[in-house]
Every structure is written in structure tokens, then in C-alpha cells.
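Visitor: Please find final-v2.txt (compact mmCIF, C-alpha atoms and all ligand atoms) on the next line:
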# COMPACT_ATOMS: atom_id res chain seq x y z
CA MET T 1 18.03 -4.96 18.65
CA THR T 2 16.59 -1.61 17.56
CA VAL T 3 15.74 -1.35 13.86
CA ARG T 4 16.79 1.97 12.35
CA ILE T 5 14.19 3.32 9.93
CA GLY T 6 13.92 6.19 7.47
CA VAL T 7 10.59 7.65 6.38
CA THR T 8 9.84 9.27 3.02
CA GLY T 9 6.84 11.48 2.26
CA ALA T 10 7.12 12.61 5.89
CA THR T 11 4.81 15.60 5.42
CA GLY T 12 2.11 13.45 3.80
CA ARG T 13 -0.89 11.78 5.47
CA MET T 14 0.76 8.36 5.76
CA GLY T 15 4.24 9.71 6.43
CA GLY T 16 2.88 11.53 9.49
CA GLU T 17 1.04 8.40 10.67
CA VAL T 18 4.21 6.32 10.32
CA LEU T 19 6.23 8.85 12.35
CA ALA T 20 3.53 8.97 15.05
CA ALA T 21 3.31 5.17 15.25
CA ALA T 22 7.11 4.77 15.27
CA ALA T 23 7.38 7.14 18.25
CA GLU T 24 5.30 4.65 20.29
CA ARG T 25 7.55 1.68 19.52
CA GLU T 26 10.65 0.59 21.40
CA ASP T 27 11.89 -1.80 18.70
CA LEU T 28 12.32 0.99 16.10
CA GLU T 29 14.24 4.24 15.89
CA VAL T 30 13.59 6.91 13.24
CA VAL T 31 16.98 8.07 11.95
CA LEU T 32 15.78 10.14 9.01
CA ALA T 33 12.61 11.65 7.58
CA VAL T 34 12.45 13.29 4.17
CA SER T 35 9.94 15.10 2.03
CA ARG T 36 9.83 17.24 -1.09
CA SER T 37 9.14 20.15 1.28
CA ALA T 38 11.93 20.12 3.91
CA ASP T 39 12.45 22.35 6.97
CA GLU T 40 9.31 21.21 8.76
CA GLU T 41 8.93 19.12 11.89
CA VAL T 42 6.43 16.28 11.89
CA GLU T 43 5.68 14.43 15.13
CA GLY T 44 8.79 16.04 16.64
CA VAL T 45 11.05 14.73 13.86
CA ALA T 46 12.99 17.16 11.63
CA VAL T 47 12.06 16.67 7.98
CA GLU T 48 14.94 17.00 5.52
CA SER T 49 14.93 17.41 1.76
CA ALA T 50 14.23 14.28 -0.28
CA ALA T 51 16.77 15.59 -2.80
CA ASP T 52 19.46 14.67 -0.23
CA LEU T 53 18.18 11.11 0.28
CA PRO T 54 21.20 9.28 -1.25
CA ALA T 55 23.62 11.21 1.01
CA LEU T 56 21.35 10.78 4.06
CA LEU T 57 21.12 7.01 3.53
CA ALA T 58 24.93 6.79 3.40
CA GLU T 59 25.36 9.00 6.47
CA ARG T 60 22.58 7.72 8.81
CA GLU T 61 22.63 4.05 7.70
CA PRO T 62 18.98 3.12 8.29
CA ASP T 63 18.18 -0.60 8.12
CA VAL T 64 14.85 0.00 6.34
CA LEU T 65 13.24 2.88 4.45
CA VAL T 66 9.43 3.14 4.75
CA ASP T 67 7.81 4.76 1.72
CA PHE T 68 4.27 6.06 1.18
CA THR T 69 4.62 8.67 -1.57
CA GLY T 70 3.87 8.53 -5.31
CA PRO T 71 4.82 6.08 -8.08
CA GLU T 72 7.76 8.07 -9.53
CA SER T 73 9.30 8.90 -6.16
CA CYS T 74 8.78 5.32 -4.97
CA VAL T 75 10.97 3.99 -7.80
CA GLU T 76 13.49 6.81 -7.34
CA TYR T 77 13.79 6.10 -3.59
CA ALA T 78 13.97 2.33 -4.21
CA SER T 79 16.91 2.94 -6.50
CA ALA T 80 18.65 5.03 -3.80
CA CYS T 81 18.03 2.13 -1.37
CA ALA T 82 19.57 -0.38 -3.79
CA GLU T 83 22.61 1.88 -4.16
CA ALA T 84 23.02 2.25 -0.38
CA GLY T 85 22.15 -1.35 0.57
CA VAL T 86 19.04 -0.31 2.53
CA ALA T 87 15.88 -2.48 2.66
CA LEU T 88 12.61 -0.93 1.44
CA VAL T 89 9.03 -1.26 2.69
CA THR T 90 6.61 0.50 0.36
CA GLY T 91 2.85 0.87 0.32
CA THR T 92 2.74 3.39 -2.51
CA THR T 93 -0.05 2.57 -4.97
CA GLY T 94 -0.79 3.61 -8.55
CA LEU T 95 2.42 2.10 -9.95
CA SER T 96 2.48 1.14 -13.65
CA ASP T 97 3.59 -2.34 -14.75
CA GLU T 98 6.94 -0.81 -15.75
CA GLN T 99 7.34 0.76 -12.31
CA PHE T 100 6.60 -2.59 -10.63
CA ASP T 101 9.16 -4.24 -12.94
CA ALA T 102 11.73 -1.63 -11.90
CA LEU T 103 11.07 -2.34 -8.21
CA GLU T 104 11.34 -6.08 -8.77
CA THR T 105 14.69 -5.62 -10.51
CA LEU T 106 15.99 -3.55 -7.57
CA ALA T 107 14.93 -6.40 -5.27
CA ASP T 108 17.87 -8.35 -6.77
CA ASP T 109 20.10 -6.02 -4.72
CA VAL T 110 18.14 -5.32 -1.51
CA PRO T 111 15.06 -6.68 0.31
CA VAL T 112 11.87 -5.00 -0.97
CA LEU T 113 8.47 -5.56 0.65
CA TYR T 114 5.46 -4.18 -1.23
CA ALA T 115 1.85 -4.26 -0.05
CA SER T 116 -1.10 -2.35 -1.47
CA ASN T 117 -2.62 -2.55 2.01
CA PHE T 118 -0.87 -3.04 5.36
CA SER T 119 -3.95 -3.86 7.45
CA ARG T 120 -4.46 -7.31 8.94
CA GLY T 121 -8.17 -7.04 8.12
CA ILE T 122 -7.48 -6.80 4.39
CA ALA T 123 -5.18 -9.83 4.63
CA ALA T 124 -8.12 -11.71 6.21
CA LEU T 125 -10.55 -10.33 3.59
CA ARG T 126 -8.29 -11.65 0.81
CA ARG T 127 -8.33 -15.14 2.35
CA ALA T 128 -12.14 -14.97 2.76
CA VAL T 129 -12.61 -13.93 -0.89
CA ARG T 130 -10.42 -16.78 -2.12
CA GLU T 131 -12.52 -19.21 -0.06
CA ALA T 132 -15.94 -17.77 -0.96
CA ILE T 133 -15.52 -17.77 -4.76
CA PRO T 134 -15.27 -21.55 -5.30
CA ALA T 135 -18.07 -22.08 -2.75
CA LEU T 136 -20.36 -19.72 -4.72
CA ASP T 137 -19.66 -20.90 -8.25
CA GLY T 138 -21.15 -18.68 -10.96
CA TYR T 139 -22.25 -15.89 -8.61
CA ASP T 140 -21.86 -12.33 -9.92
CA ILE T 141 -19.02 -10.33 -8.36
CA GLU T 142 -18.91 -6.56 -7.85
CA LEU T 143 -16.08 -4.72 -6.10
CA THR T 144 -16.53 -1.29 -4.53
CA GLU T 145 -13.83 0.81 -2.85
CA THR T 146 -14.36 4.11 -1.02
CA HIS T 147 -11.64 6.58 -0.02
CA HIS T 148 -11.06 10.17 1.08
CA ASN T 149 -11.46 12.95 -1.46
CA ALA T 150 -7.70 13.53 -1.88
CA LYS T 151 -6.83 10.05 -3.14
CA ARG T 152 -5.20 10.25 -6.58
CA ASP T 153 -5.28 6.72 -8.00
CA ALA T 154 -8.37 4.67 -8.90
CA PRO T 155 -9.19 1.92 -8.50
CA SER T 156 -7.25 1.67 -5.25
CA GLY T 157 -4.17 -0.54 -5.04
CA THR T 158 -6.09 -2.83 -2.69
CA ALA T 159 -8.93 -3.17 -5.21
CA LEU T 160 -6.40 -4.17 -7.87
CA THR T 161 -4.92 -6.76 -5.49
CA LEU T 162 -8.41 -8.16 -4.78
CA LEU T 163 -9.09 -8.33 -8.54
CA GLU T 164 -5.86 -10.31 -9.00
CA ASP T 165 -6.96 -12.66 -6.19
CA ILE T 166 -10.34 -13.14 -7.90
CA ASP T 167 -8.70 -13.82 -11.28
CA ASP T 168 -6.31 -16.32 -9.63
CA VAL T 169 -9.24 -18.32 -8.29
CA ARG T 170 -11.78 -17.92 -11.11
CA GLY T 171 -9.68 -17.17 -14.22
CA ASP T 172 -9.25 -13.82 -15.96
CA ALA T 173 -12.50 -11.85 -16.19
CA GLU T 174 -13.60 -8.68 -17.96
CA ARG T 175 -13.59 -5.69 -15.59
CA VAL T 176 -16.31 -3.07 -16.05
CA HIS T 177 -15.47 0.23 -14.36
CA GLY T 178 -18.80 1.83 -13.44
CA ARG T 179 -21.87 1.64 -15.65
CA GLU T 180 -23.77 4.24 -17.62
CA GLY T 181 -26.60 4.19 -20.15
CA GLU T 182 -27.65 0.87 -21.67
CA ALA T 183 -25.12 -1.38 -19.98
CA PRO T 184 -26.54 -4.77 -18.99
CA ARG T 185 -24.26 -7.07 -17.03
CA THR T 186 -22.54 -9.77 -19.07
CA GLU T 187 -21.83 -13.19 -17.59
CA GLY T 188 -18.60 -13.41 -15.65
CA GLU T 189 -17.73 -9.72 -15.72
CA ILE T 190 -16.60 -7.97 -12.54
CA GLY T 191 -18.04 -4.52 -11.87
CA VAL T 192 -15.49 -2.18 -10.26
CA HIS T 193 -16.61 1.01 -8.50
CA ALA T 194 -14.46 3.75 -6.94
CA ARG T 195 -16.04 6.36 -4.63
CA ARG T 196 -14.25 9.42 -3.22
CA ALA T 197 -15.72 11.36 -0.31
CA GLY T 198 -14.70 13.20 2.85
CA ASP T 199 -11.93 11.74 4.98
CA ILE T 200 -12.76 8.03 4.70
CA ALA T 201 -9.53 6.11 5.44
CA GLY T 202 -10.40 3.17 3.18
CA GLU T 203 -13.27 0.74 2.59
CA HIS T 204 -13.38 -2.30 0.30
CA GLU T 205 -16.42 -4.49 -0.41
CA VAL T 206 -16.53 -7.67 -2.49
CA LEU T 207 -20.16 -8.53 -3.25
CA LEU T 208 -21.07 -12.01 -4.49
CA ALA T 209 -24.69 -12.53 -5.57
CA GLY T 210 -26.69 -15.33 -7.20
CA ASN T 211 -29.15 -18.14 -6.48
CA HIS T 212 -31.50 -15.80 -4.53
CA GLU T 213 -28.82 -14.79 -2.01
CA SER T 214 -25.89 -12.40 -1.66
CA LEU T 215 -22.72 -12.30 0.40
CA SER T 216 -20.98 -9.01 1.12
CA LEU T 217 -17.40 -9.16 2.41
CA THR T 218 -16.42 -5.70 3.65
CA HIS T 219 -13.38 -4.18 5.33
CA ARG T 220 -13.37 -0.68 6.81
CA ALA T 221 -10.20 0.98 8.08
CA GLY T 222 -11.06 3.12 11.10
CA SER T 223 -7.93 5.24 10.70
CA ARG T 224 -4.62 5.34 8.82
CA GLY T 225 -2.92 4.17 12.02
CA VAL T 226 -3.78 0.60 11.08
CA PHE T 227 -1.73 0.89 7.85
CA ALA T 228 1.17 2.58 9.64
CA ALA T 229 1.29 -0.16 12.30
CA GLY T 230 1.36 -2.88 9.64
CA ALA T 231 4.10 -1.11 7.66
CA LEU T 232 6.24 -0.80 10.81
CA ASP T 233 5.69 -4.50 11.61
CA ALA T 234 6.85 -5.20 8.05
CA ALA T 235 9.95 -3.00 8.53
CA ALA T 236 10.90 -4.80 11.75
CA TRP T 237 10.39 -8.16 10.01
CA LEU T 238 12.34 -7.18 6.85
CA SER T 239 15.43 -5.85 8.61
CA GLY T 240 18.44 -8.12 8.12
CA ARG T 241 16.82 -10.33 5.46
CA ASP T 242 18.43 -11.29 2.15
CA ALA T 243 17.78 -9.31 -1.03
CA GLY T 244 14.49 -10.33 -2.67
CA TRP T 245 10.82 -9.50 -3.18
CA TYR T 246 8.65 -9.99 -0.08
CA ASP T 247 4.92 -9.83 0.61
CA PHE T 248 3.03 -8.62 3.72
CA THR T 249 1.37 -12.05 4.08
CA GLU T 250 4.84 -13.43 4.96
CA VAL T 251 5.06 -10.96 7.87
CA LEU T 252 1.75 -12.28 9.23
CA GLU T 253 2.64 -15.99 9.01
N1 LIG T 301 -0.38 0.26 1.34
C1 LIG T 301 -1.13 0.86 2.27
O1 LIG T 301 -1.51 0.27 3.29
C2 LIG T 301 -1.48 2.31 2.06
C3 LIG T 301 -1.05 2.95 0.94
N2 LIG T 301 -1.29 4.28 0.77
C4 LIG T 301 -0.68 4.88 -0.41
O2 LIG T 301 0.39 5.71 0.04
C5 LIG T 301 0.59 6.77 -0.88
C6 LIG T 301 0.59 8.11 -0.13
O3 LIG T 301 -0.68 8.34 0.43
P1 LIG T 301 -0.96 9.63 1.33
O4 LIG T 301 0.01 9.70 2.45
O5 LIG T 301 -2.41 9.62 1.61
O6 LIG T 301 -0.63 10.79 0.28
P2 LIG T 301 -0.19 12.30 0.59
O7 LIG T 301 -0.44 13.03 -0.69
O8 LIG T 301 -0.79 12.79 1.84
O9 LIG T 301 1.37 12.18 0.84
C7 LIG T 301 2.28 11.83 -0.15
C8 LIG T 301 3.66 12.31 0.24
O10 LIG T 301 4.57 11.90 -0.76
C9 LIG T 301 5.18 13.04 -1.34
N3 LIG T 301 5.26 12.83 -2.79
C10 LIG T 301 4.27 12.53 -3.63
N4 LIG T 301 4.71 12.45 -4.90
C11 LIG T 301 6.04 12.72 -4.83
C12 LIG T 301 7.06 12.82 -5.80
N5 LIG T 301 6.82 12.62 -7.09
N6 LIG T 301 8.31 13.11 -5.36
C13 LIG T 301 8.56 13.30 -4.06
N7 LIG T 301 7.63 13.23 -3.10
C14 LIG T 301 6.38 12.95 -3.48
C15 LIG T 301 4.30 14.23 -1.01
O11 LIG T 301 5.05 15.43 -0.96
C16 LIG T 301 3.76 13.82 0.36
O12 LIG T 301 4.70 14.14 1.38
C17 LIG T 301 -0.53 6.65 -1.92
O13 LIG T 301 -0.03 5.95 -3.04
C18 LIG T 301 -1.57 5.79 -1.19
O14 LIG T 301 -2.41 5.09 -2.05
C19 LIG T 301 -1.99 5.00 1.67
C20 LIG T 301 -2.48 4.41 2.80
C21 LIG T 301 -2.25 3.01 3.09
O1 LIG T 302 -4.73 6.25 -0.50
C1 LIG T 302 -5.17 5.72 0.55
O2 LIG T 302 -5.61 6.37 1.49
C2 LIG T 302 -5.12 4.25 0.63
N1 LIG T 302 -4.50 3.61 -0.31
C3 LIG T 302 -4.29 2.20 -0.40
C4 LIG T 302 -4.92 1.66 -1.66
O3 LIG T 302 -4.83 2.32 -2.72
O4 LIG T 302 -5.48 0.56 -1.63
C5 LIG T 302 -4.67 1.47 0.85
C6 LIG T 302 -5.78 2.06 1.66
O5 LIG T 302 -7.00 1.64 1.15
C7 LIG T 302 -5.69 3.56 1.80
In C-alpha cells, what does this structure look like?
Ligand SMILES: NC(=O)C1=CN([C@@H]2O[C@H](COP(=O)(O)OP(=O)(O)OC[C@H]3O[C@@H](n4cnc5c(N)ncnc54)[C@H](O)[C@@H]3O)[C@@H](O)[C@H]2O)C=CC1
Ligand SMILES: O=C(O)C1=N[C@H](C(=O)O)C[C@H](O)C1

Guide:
Amino acid sequence: MTVRIGVTGATGRMGGEVLAAAAEREDLEVVLAVSRSADEEVEGVAVESAADLPALLAEREPDVLVDFTGPESCVEYASACAEAGVALVTGTTGLSDEQFDALETLADDVPVLYASNFSRGIAALRRAVREAIPALDGYDIELTETHHNAKRDAPSGTALTLLEDIDDVRGDAERVHGREGEAPRTEGEIGVHARRAGDIAGEHEVLLAGNHESLSLTHRAGSRGVFAAGALDAAAWLSGRDAGWYDFTEVLE
């Protein structure tokens, strides 16, 4: 059965990648694409105004909406999905705790799948980090993420997810964002570093060091296509499921 999808932020970097990747798939059909700036075509798909999203959801009846936009629009579009009974896959990062709470509440009405990173490599990195920490007890941990120069939020959503993973395994730790001046490391703290340069699609490194050795666990996305492919796999998986909050790791099981 073909899964009908809608795409938000269609004129953005990820929106365009999602439309390009969807065009290559036979299990999915794009039935609507919206953006703040309508009247454009992206990857051969007409882009309509996001202001009309509620009416378009009712008219075109997508099974799943795929969202890579900004925190405010993500919550606004999620609420339109809940109203229309449409499932939501979102990879939008930079959400506040309140915005996450709002999404989780909407998941009472429709299926919502959130992931800060839709690459399989990051899913594997997360498992490796969870395994390495107990094996390297007491080692210092530093996390560095590097992204293109147009990224708005820092640290990245993926970095925040990795920090949650680290806290889950090792207990809550102080996070030190960059260092300047007299700033010696304190025991147990996690240094967090965000770099922005060029058109780098996304890199994350978790460095563990101690006992005269170091282990660097690094993921590099070669292109945004890897995120788009994962988000579309998630959309195909989510279609037809019950209302609730879902995680990308469930798609990969
Ligand atoms: N989870 C994942 O695997 C990935 C997540 N992302 C996240 O996706 C989001 C979008 O990233 P990019 O495509 O690089 O950004 P972008 O700036 O190229 O595109 C964002 C799109 O959303 C629209 N938009 C932004 N704020 C809006 C608002 N308030 N109302 C209506 N439309 C709005 C813009 O007009 C644009 O079309 C970011 O939060 C980014 O961190 C990006 C790559 C992978
Ligand atoms: O903005 C991006 O580009 C990316 N954002 C996500 C994040 O904040 O972790 C995922 C990926 O690293 C690319």
C-alpha cells in the first residue's frame, strides 16, 4: 500500500532533501508540500502556503506529515495534524521543554515520531556510547558537534540526545559549554563544543579519555540524504499506527 505523505518546510534544506528522496521511492506518494514561501516548485512538486495547512490536510488526507522546520512551526503543524488525524514525523531541533511537552500531549490524539537525528549511524553511535561509558569508568568525556554555517540551534539536537544518553548511564553531570580563561576541568563534568563552518552536513564526536588512553567515537553524515531517507523510513513505519509517542530506534528494530 502506498503511504501518502505531506512535507513541511519544503523550500528548506531538509524539505528539499525529503522531496528528492521521496521521488525515488515506490512505497510513498507526496500529496502536499508547504512552506512559508509558497508558489515555488521544489523537486517538481508544487509548494503551497503553510497558512493553508489545516485545509490541505483535510482535503488531501495524507497518512503522515514529515516536518523539518523550526520549533514554533513544528508545534503549530503538530496541532494541525492532531486536528486532522494525521500522523507526524518530525526531526525539527531546538525545541524548548514546553514545546516538547506540547508535542507529547498531541501524541495522545495521533502518532508522533520525533528524532533529533534520522541516520542509522547515529543510532549505532548512541549504542556504542552507552556501552563504552561503563567499560571506561571515570574517564573524562567531551562532546563536539560540527555543522554548516546556517544552523540556528546549538548544541545540536543530536548532541543533546547524546548528553541524555550519557546522563542515563553515568548519572547527571555538569555540562561546560566551551572554555575560556582560567577554566580547569572539574571531575565528572562534560565539555560540550559546537562548531559552525561551511556546508558540513553534521558531525558528532564523543571523546572518552583517561588511564593513558583515549577513545573517540565519531559519526559524520556525508549528506542530508541520509537524514531524509531515515525520516521517510520512519513515515512508512508510522503510517496506520495507534496514537502515541514513538522513537526512531523502534523503526530500526
Ligand atoms: N532530525 C534530523 O535528522 C535532522 C534535523 N534537522 C533539523 O531540521 C530543521 C530544519 O533544518 P534545515 O532544513 O537545515 O533548515 P532550513 O532553514 O533550510 O529550512 C527550514 C524550513 O522551515 C521553514 N520554517 C522555519 N521556521 C518556520 C516558522 N516559524 N514557520 C514556518 N516555517 C518555518 C523555513 O521557511 C524553511 O522552509 C532544523 O531544526 C534542523 O536542526 C536537520 C537535519 C537532520
Ligand atoms: O541542522 C542540521 O543540519 C542538523 N540538525 C540535527 C541536529 O540538530 O542534531 C541533525 C543533524 O546533525 C543535522

Visitor: Counting only C-alpha atoms, which residues sit no farther than 12 Å from the position (-8.8, 9.3, -7.8) in the file's frame? I'd like them as number ranges by chain.

Guide: T: 93-94, 145-157, 193-197

Visitor: Pick the closest to ligand LIG 302 (chain T) from T:Val66, T:Leu32, T:Ala228, T:Ala183: which is it, counting all atoms listed in the file?

Guide: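 Using all atoms listed in the file, the shortest distance to ligand LIG 302 (chain T) belongs to T:Ala228.
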
Visitor: Taking only C-alpha atoms and all ligand atoms into account, which residues have an atom no farther than 8 Å from ligand LIG 301 (chain T)? I'd like them as number ranges by chain.

Guide: T: 8-16, 35-37, 50, 67-74, 90-94, 114-119, 150-153, 156-158, 201, 224, 227-228, 230-231

Visitor: If you count all atoms listed in the file, which residues fall within 9 Å of T:Gly240, apart from same-chain ones fewer than 5 positions away, as a list in words?

Guide: Asp63, Ala87 and Pro111 of chain T

Visitor: What's the separation between atom CA of T:Gly171 and atom CA of T:Asp101, in Å to one decimal place?

Guide: 22.9 Å

Visitor: For ligand LIG 302 (chain T), which of T:Leu103, T:Ile200, T:Ala123, T:Ala58 is the closest residue, counting all atoms listed in the file?

Guide: T:Ile200

Visitor: Please determine an axis-aligned box that encloses all atoms of ligand LIG 302 (chain T) listed in the file, with 3 Å added on each side, and express its centre and edge lengths in Å to one decimal as AutoDock Vina command-line options.

Guide:
--center_x -5.6 --center_y 3.5 --center_z -0.5 --size_x 8.7 --size_y 11.8 --size_z 10.5

Visitor: What does the distance from atom CA of T:Arg130 to atom CA of T:Asp165 come to in Å, to one decimal?

Guide: 6.7 Å

Visitor: Using atom CA of T:His204 and atom CA of T:His219 as the two end points, give the distance in Å to one decimal.

Guide: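 It comes out at 5.4 Å.
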
Visitor: Within 8 Å of (11.9, -0.3, 20.7), in the coordinates the file gives, what residues turn up when you count only C-alpha atoms, written out as a list in words?

Guide: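 It turns out the residues near that spot are Met1, Thr2, Val3, Arg25, Glu26, Asp27, Leu28 and Glu29 of chain T.
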
Visitor: Which of these residues is nearest to T:Glu213, using only C-alpha atoms: T:Leu163, T:Leu57, T:Val34, T:Leu136?

Guide: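 Smallest separation from T:Glu213 among the options: T:Leu136.
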
Visitor: In terms of the shortest atom-to-atom distance over all atoms listed in the file, which of T:Gly191, T:Gly225, T:Pro184, T:Gly178 is closest to ligand LIG 302 (chain T)?

Guide: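 That would be T:Gly225, the residue with the smallest distance to ligand LIG 302 (chain T).
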
Visitor: Restricting the calculation to all atoms listed in the file: of T:Ile141, T:Val7, T:Val75, T:Ala102, which residue gets closest to T:Glu189?

Guide: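 Closest to T:Glu189, using all atoms listed in the file: T:Ile141.
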